[in-house]
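Peer 1: This is the content of upload.txt (compact mmCIF, C-alpha atoms and all ligand atoms):
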# COMPACT_ATOMS: atom_id res chain seq x y z
CA MET A 258 102.71 124.27 128.61
CA SER A 259 101.38 126.05 131.68
CA LEU A 260 100.18 129.43 130.43
CA GLU A 261 100.96 131.10 133.75
CA THR A 262 104.65 130.17 133.65
CA MET A 263 105.37 129.75 129.94
CA THR A 264 103.51 132.60 128.27
CA LEU A 265 105.26 134.50 125.48
CA PHE A 266 103.47 137.67 126.41
CA SER A 267 104.06 140.34 129.02
CA PRO A 268 102.15 139.86 132.31
CA LYS A 269 99.95 142.82 131.36
CA LEU A 270 99.00 141.31 128.01
CA ALA A 271 98.55 137.83 129.47
CA ALA A 272 96.11 139.32 131.99
CA ARG A 273 94.30 141.12 129.19
CA PHE A 274 93.95 137.83 127.31
CA ASP A 275 92.57 136.12 130.41
CA ALA A 276 89.96 138.88 130.68
CA LEU A 277 89.11 138.67 126.97
CA VAL A 278 88.38 134.95 126.95
CA GLU A 279 86.18 135.40 130.01
CA LYS A 280 84.30 138.28 128.40
CA TYR A 281 82.85 136.45 125.40
CA PRO A 282 80.28 133.65 125.65
CA LEU A 283 82.15 132.00 122.78
CA LYS A 284 85.88 132.05 123.47
CA ARG A 285 86.74 132.16 119.79
CA SER A 286 85.13 135.63 119.54
CA ALA A 287 88.28 136.84 121.30
CA LEU A 288 90.48 135.55 118.49
CA ILE A 289 90.92 138.67 116.33
CA PRO A 290 91.44 141.11 119.23
CA MET A 291 93.95 138.69 120.74
CA LEU A 292 95.86 138.39 117.47
CA LEU A 293 95.96 142.18 117.07
CA TYR A 294 97.23 142.70 120.61
CA ALA A 295 99.75 139.89 120.20
CA GLN A 296 101.03 141.40 116.96
CA ASP A 297 101.30 144.80 118.60
CA GLU A 298 103.48 143.38 121.35
CA ILE A 299 105.58 140.79 119.47
CA GLY A 300 105.62 142.47 116.03
CA TYR A 301 104.15 139.58 114.03
CA LEU A 302 102.31 136.29 114.40
CA SER A 303 105.08 133.74 114.77
CA ASP A 304 104.35 130.01 115.03
CA THR A 305 104.74 130.22 118.80
CA VAL A 306 102.34 133.18 119.05
CA ILE A 307 99.76 131.26 117.03
CA GLY A 308 100.32 128.21 119.23
CA GLU A 309 99.72 130.11 122.45
CA VAL A 310 96.65 131.93 121.12
CA ALA A 311 95.18 128.60 119.96
CA LEU A 312 95.81 127.12 123.40
CA ARG A 313 94.25 130.07 125.19
CA ILE A 314 91.11 129.89 123.08
CA GLY A 315 90.89 126.12 122.89
CA ILE A 316 91.00 125.78 119.10
CA THR A 317 93.61 124.33 116.76
CA GLU A 318 96.52 126.28 115.29
CA LEU A 319 95.09 125.54 111.85
CA GLU A 320 91.83 127.24 112.83
CA VAL A 321 93.76 130.29 114.04
CA ARG A 322 95.70 130.46 110.76
CA ASN A 323 92.58 129.98 108.64
CA VAL A 324 90.86 132.95 110.29
CA ALA A 325 93.97 135.13 110.50
CA SER A 326 94.74 134.70 106.80
CA TYR A 327 91.61 136.74 105.94
CA TYR A 328 92.91 139.85 107.67
CA SER A 329 95.45 141.87 105.72
CA MET A 330 96.54 143.79 108.83
CA LEU A 331 97.82 140.60 110.42
CA ARG A 332 101.33 139.58 109.46
CA PHE A 333 103.15 136.26 109.65
CA LYS A 334 106.64 137.64 109.08
CA PRO A 335 108.39 140.49 110.91
CA ALA A 336 107.72 143.96 109.54
CA GLY A 337 110.38 146.64 109.29
CA LYS A 338 110.83 149.00 112.21
CA TYR A 339 108.63 151.40 110.25
CA ASN A 340 105.82 149.83 108.28
CA VAL A 341 104.84 152.09 105.37
CA GLN A 342 101.27 151.50 104.23
CA VAL A 343 100.30 153.26 101.01
CA CYS A 344 96.55 153.51 100.38
CA THR A 345 95.63 152.87 96.75
CA ASN A 346 91.86 152.77 97.26
CA ILE A 347 89.58 154.91 95.11
CA SER A 348 90.03 158.44 96.55
CA CYS A 349 93.77 158.04 96.85
CA MET A 350 94.03 156.32 93.47
CA LEU A 351 92.26 159.22 91.76
CA ARG A 352 94.75 161.62 93.33
CA GLY A 353 97.94 159.85 92.31
CA ALA A 354 98.38 157.03 94.85
CA TYR A 355 100.00 154.72 92.32
CA ASP A 356 102.68 157.30 91.47
CA LEU A 357 103.27 157.65 95.19
CA TYR A 358 103.43 153.91 95.73
CA GLU A 359 105.84 153.55 92.80
CA ARG A 360 108.11 156.19 94.32
CA PHE A 361 108.15 154.39 97.67
CA GLN A 362 109.06 151.16 95.86
CA GLU A 363 111.90 152.90 94.03
CA GLU A 364 113.25 154.63 97.12
CA LEU A 365 113.06 151.52 99.30
CA GLY A 366 113.96 148.94 96.65
CA VAL A 367 111.19 146.60 97.80
CA GLY A 368 107.65 145.78 96.67
CA HIS A 369 104.42 144.82 98.43
CA LYS A 370 105.12 143.20 101.83
CA GLY A 371 108.86 143.65 101.28
CA VAL A 372 111.32 144.58 104.04
CA THR A 373 114.49 146.59 103.40
CA PRO A 374 117.72 144.64 104.07
CA ASP A 375 118.52 146.84 107.09
CA GLY A 376 115.09 146.04 108.60
CA VAL A 377 114.21 149.72 108.96
CA PHE A 378 111.28 149.79 106.52
CA SER A 379 108.61 147.50 105.21
CA LEU A 380 106.16 148.48 102.51
CA GLU A 381 102.56 147.55 101.87
CA GLU A 382 99.85 148.58 99.44
CA VAL A 383 96.65 148.78 101.50
CA GLU A 384 92.93 149.53 101.29
CA CYS A 385 91.37 152.73 102.63
CA ILE A 386 92.99 153.99 105.84
CA GLY A 387 90.10 156.37 106.59
CA VAL A 388 91.55 159.75 105.64
CA CYS A 389 90.07 160.01 102.13
CA CYS A 390 89.49 163.79 102.45
CA TRP A 391 93.24 164.27 102.47
CA ALA A 392 94.08 161.80 99.70
CA PRO A 393 96.50 160.49 98.76
CA ALA A 394 97.57 159.30 102.18
CA ILE A 395 99.88 156.83 103.86
CA GLN A 396 100.23 155.41 107.34
CA VAL A 397 103.61 154.68 108.93
CA ASN A 398 103.04 152.64 112.09
CA TYR A 399 100.51 154.91 113.83
CA ASP A 400 101.42 158.16 112.00
CA PHE A 401 99.42 159.49 109.07
CA HIS A 402 100.89 161.55 106.19
CA GLU A 403 98.35 163.18 103.91
CA ASP A 404 97.92 165.11 100.67
CA LEU A 405 101.16 163.70 99.32
CA THR A 406 103.01 163.79 96.04
CA PRO A 407 105.94 161.55 95.06
CA GLU A 408 108.25 164.50 95.79
CA HIS A 409 107.41 164.19 99.50
CA VAL A 410 108.65 160.61 99.69
CA PRO A 411 112.42 161.09 100.27
CA ALA A 412 111.90 163.53 103.14
CA ILE A 413 109.36 161.27 104.83
CA LEU A 414 111.74 158.31 104.65
CA ASP A 415 114.72 160.41 105.77
CA GLY A 416 112.78 161.47 108.87
CA TYR A 417 112.12 157.89 109.91
CA ARG A 418 115.63 156.78 108.96
CA SER A 419 117.10 159.46 111.24
CA ASN A 420 114.80 158.39 114.02
CA ALA A 421 115.88 154.75 113.55
CA LEU A 422 119.56 155.77 113.73
CA ALA A 423 118.85 157.73 116.90
CA GLY A 424 117.23 154.62 118.41
CA GLY A 425 113.74 156.10 118.25
CA LYS A 426 110.88 154.36 120.00
CA VAL A 427 108.60 152.40 117.71
CA SER A 428 105.16 150.94 117.95
CA HIS A 429 104.02 148.54 115.23
CA ALA A 430 100.88 149.07 113.23
S1 LIG B 1 90.82 155.95 99.87
FE1 LIG B 1 92.78 156.36 100.68
S2 LIG B 1 92.34 156.97 102.69
FE2 LIG B 1 90.41 156.41 101.92
Give the structure from the file, written as structure tokens.

Peer 2:
Amino acid sequence: MSLETMTLFSPKLAARFDALVEKYPLKRSALIPMLLYAQDEIGYLSDTVIGEVALRIGITELEVRNVASYYSMLRFKPAGKYNVQVCTNISCMLRGAYDLYERFQEELGVGHKGVTPDGVFSLEEVECIGVCCWAPAIQVNYDFHEDLTPEHVPAILDGYRSNALAGGKVSHA
């Protein structure tokens, strides 16, 4: 495959990748940033995404997968349009994160890493998202919702559902 003509990525991202592999003395240092950018643009790390990243860096697909599997923010299957990440780390846990997480599971009918049948939501239990002072907190794509109780859950989901029905713009986390 000629990367110039066959790339999966937008010209802007392909140019960014070219710059990244030039920037590091060891090309493989560009691996995690490349995977994050690729996921942001494509939505998840498909086999073809992994193949192109491996080619760009000059390592095997197996090496890419071995490294990527350590990072919980990288996904190998498509997420929902809105990816709901519920923090259950210590500060959030002490302030009711598991009740919150349970309510999201009930409302969405899916568990950890599940995707609703309509593809609108996916759900994940995650480690600290950096807003411990406002625990318990969640992140939906790039939006934060803080100081929550289970009673807040239906309205949060309704807001995103309405946005999905209206064809709202989405950026993946
Ligand atoms: S512990 Fe939940 S945001 Fe830090």

Peer 1: Find the residues around Asp404 (chain A) up to 8 Å (only C-alpha atoms counted), leave out those fewer than 6 positions away in its own chain, and share them as number ranges by chain.

Peer 2: A: 391-394

Peer 1: Do you know which residues are within 10 Å of ligand LIG 1 (chain B) using only C-alpha atoms and all ligand atoms? Can you write them as a PyMOL selection string?

Peer 2: chain A and resi 343-352+354+383-396+401+403

Peer 1: Output C-alpha atoms for every residue in that selection, as a compact mmCIF listing (two decimals), in the coordinates of the input.

Peer 2:
# COMPACT_ATOMS: atom_id res chain seq x y z
CA VAL A 343 100.30 153.26 101.01
CA CYS A 344 96.55 153.51 100.38
CA THR A 345 95.63 152.87 96.75
CA ASN A 346 91.86 152.77 97.26
CA ILE A 347 89.58 154.91 95.11
CA SER A 348 90.03 158.44 96.55
CA CYS A 349 93.77 158.04 96.85
CA MET A 350 94.03 156.32 93.47
CA LEU A 351 92.26 159.22 91.76
CA ARG A 352 94.75 161.62 93.33
CA ALA A 354 98.38 157.03 94.85
CA VAL A 383 96.65 148.78 101.50
CA GLU A 384 92.93 149.53 101.29
CA CYS A 385 91.37 152.73 102.63
CA ILE A 386 92.99 153.99 105.84
CA GLY A 387 90.10 156.37 106.59
CA VAL A 388 91.55 159.75 105.64
CA CYS A 389 90.07 160.01 102.13
CA CYS A 390 89.49 163.79 102.45
CA TRP A 391 93.24 164.27 102.47
CA ALA A 392 94.08 161.80 99.70
CA PRO A 393 96.50 160.49 98.76
CA ALA A 394 97.57 159.30 102.18
CA ILE A 395 99.88 156.83 103.86
CA GLN A 396 100.23 155.41 107.34
CA PHE A 401 99.42 159.49 109.07
CA GLU A 403 98.35 163.18 103.91

Peer 1: Please indicate the distance in Å from CA of Glu318 (chain A) to CA of Leu380 (chain A), rounded to one decimal place.

Peer 2: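 So the answer is 27.4 Å.
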
Peer 1: With all atoms listed in the file as the atoms that count, which of A:Pro374, A:Gly337, A:Pro282, A:Gly300 lies nearest to Val397 (chain A)?

Peer 2: A:Gly337

Peer 1: Measuring between all atoms listed in the file, which one of A:Glu359, A:Arg313, A:Val306, A:Ser419 shows the shortest distance to Phe274 (chain A)?

Peer 2: A:Arg313

Peer 1: Just give me the gap between CA of Asn398 (chain A) and CA of Val341 (chain A) in Å, one decimal is fine.

Peer 2: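 So the answer is 7.0 Å.
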